[in-house]
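Undergrad: The following file, coords.tsv, comprises TSV, C-alpha atoms:
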```
chain	number	residue	atom	x	y	z
A	1	MET	CA	68.82	-118.88	-111.19
A	2	LEU	CA	65.37	-117.32	-111.15
A	3	LYS	CA	64.46	-119.32	-108.07
A	4	ILE	CA	67.61	-118.12	-106.31
A	5	PHE	CA	66.82	-114.51	-107.29
A	6	TYR	CA	63.28	-114.63	-105.85
A	7	LYS	CA	64.56	-116.34	-102.72
A	8	SER	CA	67.17	-113.61	-102.21
A	9	LEU	CA	64.57	-110.91	-102.87
A	10	PHE	CA	62.22	-112.48	-100.33
A	11	PHE	CA	64.84	-112.49	-97.59
A	12	PHE	CA	65.92	-108.95	-98.50
A	13	LEU	CA	62.38	-107.62	-98.11
A	14	LEU	CA	61.87	-109.66	-94.97
A	15	ASN	CA	65.03	-108.15	-93.50
A	16	ILE	CA	63.83	-104.62	-94.29
A	17	CYS	CA	60.45	-105.28	-92.66
A	18	PHE	CA	62.15	-106.78	-89.62
A	19	GLN	CA	64.43	-103.77	-89.25
A	20	ASN	CA	61.48	-101.39	-89.62
A	21	TYR	CA	59.67	-103.36	-86.96
A	22	LEU	CA	62.66	-103.19	-84.61
A	23	PHE	CA	63.17	-99.47	-85.05
A	24	SER	CA	59.52	-98.29	-85.36
A	25	GLU	CA	58.60	-95.23	-83.31
A	26	THR	CA	54.95	-94.91	-82.39
A	27	ILE	CA	53.85	-91.65	-80.75
A	28	ASP	CA	50.64	-92.29	-78.83
A	29	ILE	CA	49.48	-90.04	-76.01
A	30	ALA	CA	46.21	-90.45	-74.09
A	31	LEU	CA	44.62	-88.10	-71.55
A	32	ARG	CA	41.98	-88.53	-68.87
A	33	LEU	CA	40.31	-85.65	-67.00
A	34	THR	CA	38.63	-86.70	-63.75
A	35	THR	CA	37.22	-85.23	-60.53
A	36	LEU	CA	36.15	-86.83	-57.26
A	37	VAL	CA	33.30	-84.33	-56.81
A	38	ASN	CA	30.01	-86.23	-56.54
A	39	THR	CA	27.83	-83.61	-54.83
A	40	LYS	CA	26.13	-80.47	-56.07
A	41	LYS	CA	28.38	-77.44	-55.87
A	42	ALA	CA	27.65	-73.75	-55.40
A	43	VAL	CA	29.05	-70.43	-56.55
A	44	GLY	CA	32.42	-69.80	-54.88
A	45	ASP	CA	33.29	-73.49	-54.49
A	46	GLU	CA	36.72	-74.65	-55.65
A	47	ILE	CA	36.80	-77.86	-57.72
A	48	LYS	CA	39.88	-80.08	-58.03
A	49	TYR	CA	40.37	-81.91	-61.34
A	50	THR	CA	43.12	-84.44	-62.05
A	51	ILE	CA	44.63	-84.83	-65.53
A	52	THR	CA	46.44	-88.12	-66.21
A	53	ILE	CA	48.73	-88.46	-69.23
A	54	TYR	CA	49.42	-91.99	-70.55
A	55	ASN	CA	52.31	-92.88	-72.87
A	56	GLN	CA	50.80	-95.62	-75.06
A	57	GLY	CA	53.60	-95.45	-77.66
A	58	ASP	CA	57.02	-97.06	-77.72
A	59	ILE	CA	59.43	-94.17	-77.08
A	60	ALA	CA	59.90	-91.88	-74.08
A	61	LEU	CA	58.18	-88.49	-74.26
A	62	THR	CA	58.53	-85.18	-72.43
A	63	ASN	CA	57.45	-81.51	-72.49
A	64	ILE	CA	53.82	-82.46	-72.97
A	65	GLY	CA	51.78	-79.28	-73.23
A	66	ILE	CA	48.24	-79.40	-71.83
A	67	ILE	CA	45.39	-76.95	-72.24
A	68	ASP	CA	42.25	-76.81	-70.09
A	69	TYR	CA	39.23	-75.18	-71.73
A	70	LEU	CA	37.73	-73.69	-68.58
A	71	PRO	CA	33.93	-74.08	-68.40
A	72	ALA	CA	31.81	-70.97	-68.78
A	73	ASN	CA	31.35	-69.06	-65.51
A	74	THR	CA	34.46	-70.53	-63.90
A	75	LEU	CA	37.96	-69.21	-63.22
A	76	LEU	CA	41.35	-70.76	-62.59
A	77	SER	CA	41.91	-70.73	-58.81
A	78	SER	CA	44.02	-67.79	-57.68
A	79	THR	CA	45.11	-69.59	-54.51
A	80	ASN	CA	45.89	-73.04	-56.00
A	81	THR	CA	47.40	-72.18	-59.38
A	82	ASN	CA	49.71	-75.23	-59.30
A	83	GLY	CA	51.78	-73.84	-62.17
A	84	TRP	CA	48.85	-73.30	-64.56
A	85	VAL	CA	48.94	-70.12	-66.64
A	86	PRO	CA	45.63	-68.46	-67.61
A	87	GLY	CA	45.09	-67.69	-71.28
A	88	ALA	CA	43.58	-64.62	-72.92
A	89	GLY	CA	40.24	-63.73	-71.38
A	90	ASN	CA	40.75	-66.36	-68.66
A	91	ILE	CA	38.84	-68.90	-70.74
A	92	THR	CA	41.73	-71.37	-70.90
A	93	ALA	CA	44.68	-72.44	-68.76
A	94	SER	CA	47.88	-74.16	-69.84
A	95	LYS	CA	50.72	-76.13	-68.29
A	96	THR	CA	53.64	-78.27	-69.52
A	97	ILE	CA	54.65	-81.60	-68.00
A	98	THR	CA	58.45	-81.60	-68.13
A	99	ASP	CA	58.97	-85.09	-66.68
A	100	ILE	CA	60.07	-87.86	-69.04
A	101	ILE	CA	57.24	-90.38	-69.41
A	102	ASN	CA	58.50	-93.77	-70.55
A	103	PRO	CA	56.40	-96.17	-72.65
A	104	GLY	CA	53.64	-97.67	-70.54
A	105	ASP	CA	54.00	-95.04	-67.79
A	106	SER	CA	51.75	-92.12	-66.85
A	107	ALA	CA	51.92	-88.75	-65.08
A	108	LYS	CA	49.32	-86.75	-63.15
A	109	ILE	CA	48.71	-83.04	-62.70
A	110	ASP	CA	45.92	-81.28	-60.75
A	111	ILE	CA	44.05	-78.13	-61.73
A	112	TYR	CA	41.75	-76.13	-59.43
A	113	ILE	CA	38.77	-74.20	-60.79
A	114	VAL	CA	36.40	-71.87	-58.91
A	115	ILE	CA	32.66	-71.71	-59.72
A	116	GLN	CA	31.47	-68.20	-60.58
A	117	SER	CA	28.10	-66.48	-60.79
A	118	GLY	CA	25.97	-67.83	-63.63
A	119	ALA	CA	27.13	-71.45	-63.47
A	120	ASN	CA	24.17	-73.83	-63.26
A	121	GLY	CA	23.29	-77.46	-63.88
A	122	SER	CA	25.76	-79.80	-65.56
A	123	VAL	CA	29.11	-78.04	-66.01
A	124	LYS	CA	31.59	-79.63	-68.46
A	125	ASN	CA	35.34	-79.17	-68.22
A	126	THR	CA	37.54	-80.19	-71.17
A	127	ALA	CA	41.29	-80.74	-71.53
A	128	GLU	CA	43.68	-81.97	-74.24
A	129	THR	CA	47.35	-82.09	-75.18
A	130	VAL	CA	48.77	-79.41	-77.47
A	131	SER	CA	52.43	-80.39	-77.88
A	132	ILE	CA	54.70	-83.42	-77.51
A	133	GLN	CA	58.48	-83.88	-77.61
A	134	ASP	CA	60.54	-87.05	-77.62
A	135	PHE	CA	63.48	-87.63	-75.26
A	136	ASN	CA	65.71	-85.75	-77.73
A	137	TYR	CA	63.42	-82.71	-77.33
A	138	ILE	CA	62.24	-82.93	-80.94
A	139	ASN	CA	58.63	-81.91	-81.61
A	140	ARG	CA	56.53	-85.03	-82.33
A	141	SER	CA	53.01	-83.56	-82.17
A	142	LEU	CA	52.29	-84.29	-85.84
A	143	ASP	CA	53.39	-87.91	-85.36
A	144	GLU	CA	50.66	-88.72	-82.82
A	145	ILE	CA	49.06	-91.88	-84.19
A	146	ASP	CA	45.39	-91.44	-83.27
A	147	SER	CA	44.92	-87.84	-82.06
A	148	THR	CA	45.66	-84.28	-83.15
A	149	PRO	CA	47.18	-82.16	-80.36
A	150	ASP	CA	46.13	-78.76	-81.67
A	151	GLY	CA	44.75	-76.51	-78.91
A	152	PHE	CA	41.35	-76.18	-80.61
A	153	ASN	CA	38.32	-77.41	-78.70
A	154	THR	CA	36.47	-78.50	-81.85
A	155	GLU	CA	36.47	-82.27	-81.39
A	156	ILE	CA	32.86	-83.48	-81.69
A	157	ASN	CA	33.31	-87.09	-80.61
A	158	VAL	CA	34.78	-86.61	-77.15
A	159	LYS	CA	33.95	-89.64	-74.99
A	160	ASP	CA	34.47	-89.45	-71.25
A	161	ASP	CA	37.53	-91.45	-70.07
A	162	VAL	CA	37.93	-93.35	-73.40
A	163	ILE	CA	41.63	-93.78	-74.31
A	164	ASN	CA	41.69	-96.71	-76.76
A	165	GLU	CA	40.05	-95.45	-79.99
A	166	GLN	CA	41.55	-94.45	-83.36
A	167	ALA	CA	40.16	-91.04	-84.37
A	168	LYS	CA	42.59	-90.67	-87.28
A	169	ILE	CA	41.48	-94.00	-88.72
A	170	ASN	CA	37.84	-94.57	-87.77
A	171	VAL	CA	35.12	-91.96	-88.28
A	172	GLY	CA	33.28	-91.29	-85.03
A	173	ASP	CA	36.13	-92.49	-82.81
A	174	ASP	CA	37.36	-90.39	-79.90
A	175	GLU	CA	40.69	-88.55	-79.84
A	176	ASP	CA	42.48	-90.16	-76.93
A	177	ASP	CA	44.28	-86.95	-75.97
A	178	HIS	CA	40.97	-85.07	-75.49
A	179	ASP	CA	38.71	-85.70	-72.48
A	180	VAL	CA	35.87	-84.20	-70.43
A	181	ALA	CA	34.63	-84.26	-66.83
A	182	PHE	CA	31.31	-83.10	-65.39
A	183	ILE	CA	30.11	-81.56	-62.14
A	184	THR	CA	26.63	-80.35	-61.14
A	185	VAL	CA	26.06	-76.81	-59.94
A	186	SER	CA	22.66	-76.40	-58.34
A	187	PRO	CA	20.43	-74.70	-57.46
A	188	ASP	CA	20.27	-71.21	-58.95
A	189	VAL	CA	19.73	-69.72	-55.47
A	190	TYR	CA	22.50	-69.85	-52.88
A	191	GLY	CA	22.41	-69.10	-49.16
A	192	TYR	CA	25.15	-67.79	-46.91
A	193	GLU	CA	25.18	-67.10	-43.19
A	194	SER	CA	27.52	-65.30	-40.82
A	195	VAL	CA	27.35	-64.37	-37.13
A	196	LYS	CA	28.78	-61.38	-35.26
A	197	LEU	CA	29.05	-60.35	-31.61
A	198	THR	CA	27.12	-57.08	-31.69
A	199	THR	CA	26.69	-56.28	-27.96
A	200	ASP	CA	29.57	-57.26	-25.68
A	201	PHE	CA	28.39	-56.25	-22.20
A	202	ASN	CA	31.69	-56.89	-20.37
A	203	ASN	CA	33.87	-55.78	-23.29
A	204	ASP	CA	36.06	-58.87	-23.18
A	205	GLY	CA	35.73	-59.68	-26.87
A	206	LEU	CA	34.18	-63.07	-26.03
A	207	VAL	CA	30.62	-64.31	-26.39
A	208	THR	CA	29.21	-64.68	-22.88
A	209	VAL	CA	25.78	-65.24	-21.39
A	210	GLY	CA	23.71	-62.09	-21.79
A	211	ASP	CA	25.61	-60.86	-24.84
A	212	ILE	CA	23.82	-60.28	-28.13
A	213	VAL	CA	24.99	-61.82	-31.39
A	214	THR	CA	23.45	-61.16	-34.79
A	215	TYR	CA	22.97	-63.76	-37.50
A	216	THR	CA	23.16	-62.34	-41.03
A	217	ILE	CA	21.46	-64.54	-43.60
A	218	THR	CA	21.95	-63.78	-47.30
A	219	TYR	CA	20.21	-65.46	-50.23
A	220	VAL	CA	21.24	-64.55	-53.76
A	221	ASN	CA	19.81	-65.62	-57.11
A	222	TYR	CA	22.32	-66.05	-59.93
A	223	ALA	CA	19.99	-67.37	-62.62
A	224	ASN	CA	16.22	-67.80	-63.00
A	225	GLY	CA	13.67	-66.11	-60.78
A	226	ALA	CA	12.29	-67.95	-57.75
A	227	SER	CA	8.76	-67.31	-56.51
A	228	SER	CA	7.04	-68.29	-53.24
A	229	PHE	CA	10.49	-68.03	-51.70
A	230	GLN	CA	10.40	-68.65	-47.94
A	231	ILE	CA	13.27	-68.74	-45.41
A	232	THR	CA	13.04	-70.76	-42.22
A	233	ASN	CA	15.49	-70.72	-39.33
A	234	LEU	CA	15.35	-72.80	-36.16
A	235	LEU	CA	17.47	-71.03	-33.53
A	236	PRO	CA	19.58	-72.92	-30.97
A	237	SER	CA	17.62	-73.63	-27.79
A	238	SER	CA	20.03	-71.59	-25.66
A	239	VAL	CA	19.39	-68.30	-27.48
A	240	ARG	CA	16.29	-66.16	-27.85
A	241	ARG	CA	15.37	-63.45	-30.26
A	242	LYS	CA	16.32	-60.05	-28.87
A	243	GLY	CA	15.34	-56.88	-30.67
A	244	THR	CA	14.04	-56.17	-34.14
A	245	ILE	CA	14.70	-58.30	-37.19
A	246	THR	CA	15.78	-56.17	-40.15
A	247	ALA	CA	16.05	-56.85	-43.86
A	248	SER	CA	17.41	-55.34	-47.06
A	249	SER	CA	16.83	-56.52	-50.60
A	250	ILE	CA	17.60	-56.07	-54.29
A	251	ASN	CA	15.08	-57.15	-56.94
A	252	VAL	CA	12.80	-58.81	-54.39
A	253	THR	CA	9.04	-58.28	-54.45
A	254	GLY	CA	6.46	-58.97	-51.74
A	255	LEU	CA	8.92	-58.65	-48.84
A	256	SER	CA	7.23	-58.65	-45.43
A	257	LEU	CA	9.08	-59.80	-42.30
A	258	ASN	CA	7.29	-62.04	-39.82
A	259	SER	CA	7.15	-60.01	-36.60
A	260	SER	CA	5.99	-63.13	-34.71
A	261	TYR	CA	9.18	-65.01	-35.51
A	262	THR	CA	10.68	-66.55	-32.36
A	263	GLY	CA	13.15	-69.03	-33.85
A	264	ALA	CA	11.52	-71.82	-31.88
A	265	GLY	CA	7.79	-72.41	-32.36
A	266	VAL	CA	7.57	-69.95	-35.27
A	267	ASN	CA	10.39	-70.47	-37.78
A	268	ASN	CA	9.26	-68.63	-40.93
A	269	LEU	CA	11.16	-65.37	-41.35
A	270	LEU	CA	8.70	-64.01	-43.92
A	271	ASN	CA	4.94	-63.52	-43.66
A	272	THR	CA	4.46	-64.92	-47.15
A	273	GLY	CA	6.73	-66.23	-49.85
A	274	VAL	CA	8.47	-63.50	-51.86
A	275	THR	CA	9.72	-63.44	-55.44
A	276	LEU	CA	13.49	-63.45	-55.70
A	277	GLY	CA	14.15	-62.02	-59.15
A	278	VAL	CA	17.13	-62.58	-61.44
A	279	ASN	CA	20.25	-61.30	-59.65
A	280	GLY	CA	18.02	-60.70	-56.64
A	281	LYS	CA	19.42	-60.61	-53.12
A	282	LEU	CA	17.71	-60.83	-49.74
A	283	VAL	CA	19.58	-60.10	-46.49
A	284	ILE	CA	18.01	-60.66	-43.05
A	285	ASN	CA	19.62	-59.79	-39.69
A	286	ILE	CA	18.44	-61.65	-36.57
A	287	PRO	CA	19.71	-60.38	-33.18
A	288	VAL	CA	19.63	-63.02	-30.41
A	289	GLU	CA	20.57	-63.06	-26.73
A	290	ILE	CA	22.70	-65.83	-25.23
A	291	ARG	CA	20.89	-67.61	-22.36
A	292	GLY	CA	22.42	-69.37	-19.36
A	293	ALA	CA	22.11	-72.82	-20.94
A	294	GLY	CA	24.59	-71.74	-23.59
A	295	SER	CA	27.46	-71.27	-21.12
A	296	GLY	CA	30.48	-73.29	-22.26
A	297	GLN	CA	28.64	-74.57	-25.35
A	298	THR	CA	29.40	-74.38	-29.07
A	299	LEU	CA	26.26	-73.20	-30.83
A	300	SER	CA	25.45	-73.80	-34.48
A	301	ASN	CA	22.82	-72.49	-36.84
A	302	GLN	CA	21.89	-73.07	-40.49
A	303	ALA	CA	18.93	-71.40	-42.15
A	304	SER	CA	17.18	-72.96	-45.14
A	305	ALA	CA	14.90	-71.84	-47.94
A	306	THR	CA	12.45	-73.28	-50.43
A	307	GLY	CA	10.63	-71.88	-53.40
A	308	THR	CA	9.07	-72.42	-56.81
A	309	GLY	CA	11.67	-72.58	-59.54
A	310	ILE	CA	14.43	-74.10	-57.41
A	311	SER	CA	15.06	-77.74	-56.57
A	312	GLY	CA	14.90	-79.03	-53.00
A	313	VAL	CA	15.97	-77.13	-49.92
A	314	VAL	CA	18.63	-74.42	-50.18
A	315	LEU	CA	20.81	-74.45	-47.06
A	316	THR	CA	23.03	-71.58	-45.94
A	317	ASP	CA	26.80	-71.97	-46.06
A	318	ALA	CA	28.99	-70.55	-43.27
A	319	LEU	CA	31.35	-67.67	-44.03
A	320	ASP	CA	33.02	-64.68	-42.39
A	321	ASN	CA	34.93	-61.62	-43.52
A	322	ASN	CA	38.27	-62.57	-41.96
A	323	THR	CA	39.21	-66.04	-43.21
A	324	CYS	CA	36.66	-66.70	-45.97
A	325	VAL	CA	36.47	-65.22	-49.46
A	326	PRO	CA	32.86	-64.00	-49.87
A	327	PRO	CA	31.12	-65.11	-53.08
A	328	PRO	CA	30.12	-62.56	-55.71
A	329	ASN	CA	27.44	-60.09	-54.58
A	330	VAL	CA	27.63	-61.18	-50.92
A	331	ASP	CA	28.58	-58.62	-48.26
A	332	VAL	CA	29.66	-59.98	-44.87
A	333	PRO	CA	29.48	-57.74	-41.76
A	334	SER	CA	32.95	-56.62	-40.67
A	335	GLY	CA	34.12	-58.34	-37.50
A	336	SER	CA	32.03	-61.47	-38.01
A	337	ILE	CA	33.11	-64.56	-36.06
A	338	SER	CA	35.57	-66.77	-37.95
A	339	GLN	CA	34.17	-69.91	-39.56
A	340	SER	CA	35.64	-73.08	-41.05
A	341	CYS	CA	35.06	-71.91	-44.64
A	342	THR	CA	34.98	-75.40	-46.13
A	343	SER	CA	34.14	-75.99	-49.81
A	344	GLY	CA	31.00	-77.92	-48.78
A	345	LEU	CA	27.92	-76.65	-47.00
A	346	ASP	CA	28.28	-76.18	-43.25
A	347	PRO	CA	26.46	-74.27	-40.48
A	348	VAL	CA	27.83	-71.22	-38.66
A	349	PHE	CA	29.45	-71.89	-35.27
A	350	PHE	CA	30.53	-69.88	-32.27
A	351	SER	CA	31.55	-70.75	-28.72
A	352	VAL	CA	30.14	-69.29	-25.49
A	353	SER	CA	32.57	-68.71	-22.62
A	354	ILE	CA	32.11	-70.66	-19.37
A	355	GLY	CA	31.10	-69.09	-16.08
A	356	SER	CA	28.86	-66.26	-17.18
A	357	PRO	CA	25.97	-65.64	-14.76
A	358	ASP	CA	22.39	-66.40	-15.70
A	359	VAL	CA	21.20	-63.20	-13.99
A	360	ARG	CA	22.80	-59.78	-14.35
A	361	ALA	CA	22.05	-56.77	-12.15
A	362	PHE	CA	22.23	-53.14	-13.22
A	363	LYS	CA	21.76	-50.02	-11.08
A	364	SER	CA	20.95	-46.47	-12.17
A	365	ILE	CA	19.95	-43.17	-10.58
A	366	LYS	CA	17.73	-40.43	-11.92
A	367	LEU	CA	16.82	-36.87	-10.83
A	368	THR	CA	13.04	-37.15	-10.67
A	369	LYS	CA	12.10	-33.81	-9.01
A	370	ASP	CA	14.21	-30.71	-9.76
A	371	ILE	CA	12.85	-28.00	-7.41
A	372	ASP	CA	15.06	-25.18	-8.71
A	373	VAL	CA	14.97	-26.45	-12.29
A	374	ASN	CA	18.74	-26.16	-12.74
A	375	GLY	CA	19.34	-29.76	-13.79
A	376	VAL	CA	21.66	-30.36	-10.83
A	377	PRO	CA	20.69	-32.39	-7.74
```
Represent the structure from my file as structure tokens, please.
TA:
Amino acid sequence: MLKIFYKSLFFFLLNICFQNYLFSETIDIALRLTTLVNTKKAVGDEIKYTITIYNQGDIALTNIGIIDYLPANTLLSSTNTNGWVPGAGNITASKTITDIINPGDSAKIDIYIVIQSGANGSVKNTAETVSIQDFNYINRSLDEIDSTPDGFNTEINVKDDVINEQAKINVGDDEDDHDVAFITVSPDVYGYESVKLTTDFNNDGLVTVGDIVTYTITYVNYANGASSFQITNLLPSSVRRKGTITASSINVTGLSLNSSYTGAGVNNLLNTGVTLGVNGKLVINIPVEIRGAGSGQTLSNQASATGTGISGVVLTDALDNNTCVPPPNVDVPSGSISQSCTSGLDPVFFSVSIGSPDVRAFKSIKLTKDIDVNGVP
């Protein structure tokens, strides 16, 4: 009898375990935050991040709330919001994935962030889940097996792209629903360039041979000071300097324009390197005349700068005041010629109309001897 009792008890317990196995419900969400950006970015650039949610459990899930802890000196894009809602102080953004994600499946959502003044070096973005519901729309956040969806960016063991550790079980493991992604913002000094038709001799609104256009080059310093700062600019071969180069500055010391600058043999815009202080800005205007060789051509220009305290060469990025959004502290002359306004560095461009003469003639008359001194011939 005792043997039969133990045998029955064994099969009873086995049956319970089997049923629990059949009807177990594991809630396991993982998150990856990634970006394809692999170049250095500048203030004003928009960065696209992709968040991927993985359902590693065994029941379907939905209404997965996500929070992005925006890096310091960045903002949620105002043009590509993609359904994200900024939080208090614009230091976070949130969004809910309403699709049903079945076990083994995943879902993606993009977020766009714009670099602001003050961002420098390695910039870390962080995202995690904050809420989970099952397919019956019941909250299952507390049931997550290896993470704590809580909306607090206090996790100290975040490992980039890791989604297979057990933070609730093993000390030092990563929470799978919490991930980071890095970009590099460099250098501290940024350059911008625009171009404007400033003298239109035939008043046709087009750049033609003989017209004068003005390049406006702006360098701004958003972080540490830069000394021995020198700007060089090689002009297109079909233009020549025409008129006086002018400059304005904020928190710049030692400014002295190079009056011998030609844009060809002499490329330095400054006599000696200046000091571009913190939040300093240097603006230089270069008027040039279009020569006959430029007829029918598309001309490009990109100034560059070097200095102590910054890494490498700082190129200018094209912008205008019609189609581009100027970065902080950068003023673009009204009526500047439209540019491509890409997120990466690019030179300024403009096209010269075909058929303009190489030589222009002008005639005038002057009263040179006024016998009766009445001012009338």
Undergrad: Might you pull out every residue within 10 Å of A:Leu299, with all atoms listed in the file counted and same-chain residues fewer than 2 positions away left off, and present them as a PDB file with C-alpha atoms, in the frame of the given file?
TA:
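Final output, selection_1.pdb:
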```pdb
ATOM      1  CA  LEU A 235      17.470 -71.030 -33.530  1.00  0.00           C
ATOM      2  CA  PRO A 236      19.580 -72.920 -30.970  1.00  0.00           C
ATOM      3  CA  SER A 237      17.620 -73.630 -27.790  1.00  0.00           C
ATOM      4  CA  SER A 238      20.030 -71.590 -25.660  1.00  0.00           C
ATOM      5  CA  VAL A 239      19.390 -68.300 -27.480  1.00  0.00           C
ATOM      6  CA  ILE A 290      22.700 -65.830 -25.230  1.00  0.00           C
ATOM      7  CA  GLY A 294      24.590 -71.740 -23.590  1.00  0.00           C
ATOM      8  CA  SER A 295      27.460 -71.270 -21.120  1.00  0.00           C
ATOM      9  CA  GLY A 296      30.480 -73.290 -22.260  1.00  0.00           C
ATOM     10  CA  GLN A 297      28.640 -74.570 -25.350  1.00  0.00           C
ATOM     11  CA  ASN A 301      22.820 -72.490 -36.840  1.00  0.00           C
ATOM     12  CA  PRO A 347      26.460 -74.270 -40.480  1.00  0.00           C
ATOM     13  CA  VAL A 348      27.830 -71.220 -38.660  1.00  0.00           C
ATOM     14  CA  PHE A 349      29.450 -71.890 -35.270  1.00  0.00           C
ATOM     15  CA  PHE A 350      30.530 -69.880 -32.270  1.00  0.00           C
ATOM     16  CA  SER A 351      31.550 -70.750 -28.720  1.00  0.00           C
ATOM     17  CA  VAL A 352      30.140 -69.290 -25.490  1.00  0.00           C
TER      18      VAL A 352
END
```
Undergrad: If I take atom CA of A:Leu142 and atom CA of A:Asn82, how far is one from the other in Å, to one decimal?
TA: 28.2 Å
Undergrad: Just how far from atom CA of A:Gln166 is atom CA of A:Asp179, in Å to one decimal?
TA: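 These atoms are spaced 14.2 Å apart.
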Undergrad: A:Ala318, A:Val123, A:Ile109, A:Val274: which is nearest A:Val332, counting all atoms listed in the file?
TA: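 That would be A:Ala318, the residue with the smallest distance to A:Val332.
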Undergrad: From the list A:Pro71, A:Asp346, A:Ala247, A:Ala88, which residue is nearest A:Ser300 when using only C-alpha atoms?
TA: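 Residue with the minimum atom-to-atom distance to A:Ser300: A:Asp346.
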Undergrad: Which residues of stretch 251-293 of chain A sit at most 6 Å from stretch 200-223 of chain A, using all atoms listed in the file? Give each one's shortest atom pair and distance in Å (one decimal place), in chain and ascending residue order, as a Markdown table.
TA:
```
| residue | atom | partner | partner_atom | distance |
| --- | --- | --- | --- | --- |
| A:Val278 | CA | A:Ala223 | CA | 5.7 |
| A:Asn279 | CA | A:Asn221 | CA | 5.0 |
| A:Gly280 | CA | A:Asn221 | CA | 5.3 |
| A:Lys281 | CA | A:Val220 | CA | 4.4 |
| A:Leu282 | CA | A:Tyr219 | CA | 5.3 |
| A:Val283 | CA | A:Thr218 | CA | 4.5 |
| A:Ile284 | CA | A:Ile217 | CA | 5.2 |
| A:Asn285 | CA | A:Thr216 | CA | 4.6 |
| A:Ile286 | CA | A:Tyr215 | CA | 5.1 |
| A:Pro287 | CA | A:Thr214 | CA | 4.1 |
| A:Val288 | CA | A:Ile212 | CA | 5.5 |
| A:Glu289 | CA | A:Ile212 | CA | 4.5 |
| A:Ile290 | CA | A:Val209 | CA | 5.0 |
| A:Arg291 | CA | A:Val209 | CA | 5.5 |
| A:Gly292 | CA | A:Val209 | CA | 5.7 |
```
Undergrad: Around the point (14.8, -68.2, -46.3) in the file's coordinates, collect all residues with an atom within 12 Å, using all atoms listed in the file, and return them as a PyMOL selection string.
TA: chain A and resi 189-193+216-220+226-234+247+255+257-258+267-276+281-285+302-307+313-316
Undergrad: Between atom CA of A:Leu197 and atom CA of A:Lys41, what is the distance, to one decimal in Å?
TA: 29.7 Å
Undergrad: Please return the centre and edge lengths, in Å to one decimal, of a box with edges along x, y and z that contains all listed atoms of stretch 64-73 of chain A, widened by 8 Å on every side, as AutoDock Vina command-line options.
TA:
```
--center_x 42.6 --center_y -75.8 --center_z -69.4 --size_x 38.5 --size_y 29.4 --size_z 23.7
```
Undergrad: Identify the residues around (53.9, -83.6, -83.2) within a radius of 12 Å, measuring from only C-alpha atoms in the coordinates stated by the file, and give them as number ranges by chain.
TA: A: 26-29, 61-65, 129-134, 137-150
Undergrad: Considering all atoms listed in the file, can you say which of A:Ile47, A:Val195, A:Ile169, A:Leu33 comes closest to A:Thr126?
TA: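 Once distances to A:Thr126 are computed over all atoms listed in the file, the minimum belongs to A:Leu33.
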Undergrad: Just the residues within 10 Å of A:Lys124, please, counting all atoms listed in the file, with nothing from its chain fewer than 4 positions along; format it as a PyMOL selection string.
TA: chain A and resi 69-72+180-184
Undergrad: When you count all atoms listed in the file, which of these residues is closest to A:Thr246: A:Ile111, A:Pro86, A:Tyr261, A:Asp188?
TA: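 The shortest atom-to-atom distance to A:Thr246 comes from A:Tyr261.
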Undergrad: Name the residues in contact with A:Lys366 at a cut-off of 12 Å, using only C-alpha atoms, excluding same-chain residues fewer than 2 positions from it; report them as a ChimeraX atom specification.
TA: /A:363-364,368-370,375-377
Undergrad: Output C-alpha atoms for every residue in the selection just made, as a short mmCIF file (atom, residue, chain, number, x, y, z; two decimals), in the frame of the given file.
TA:
```
data_model
loop_
_atom_site.label_atom_id
_atom_site.label_comp_id
_atom_site.auth_asym_id
_atom_site.auth_seq_id
_atom_site.Cartn_x
_atom_site.Cartn_y
_atom_site.Cartn_z
CA LYS A 363 21.76 -50.02 -11.08
CA SER A 364 20.95 -46.47 -12.17
CA THR A 368 13.04 -37.15 -10.67
CA LYS A 369 12.10 -33.81 -9.01
CA ASP A 370 14.21 -30.71 -9.76
CA GLY A 375 19.34 -29.76 -13.79
CA VAL A 376 21.66 -30.36 -10.83
CA PRO A 377 20.69 -32.39 -7.74
#
```
Undergrad: Which is closest to A:Asp174 among A:Val85, A:Leu31, A:Ser77, A:Gly263, if we use all atoms listed in the file?
TA: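 Looking at the shortest contact to A:Asp174, the residue is A:Leu31.
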Undergrad: Would you mind listing what lies within 7 Å of stretch 154-158 of chain A as a PyMOL selection string, with all atoms listed in the file counted and same-chain residues fewer than 2 positions away left out?
TA: chain A and resi 152+160+172-175+178-179
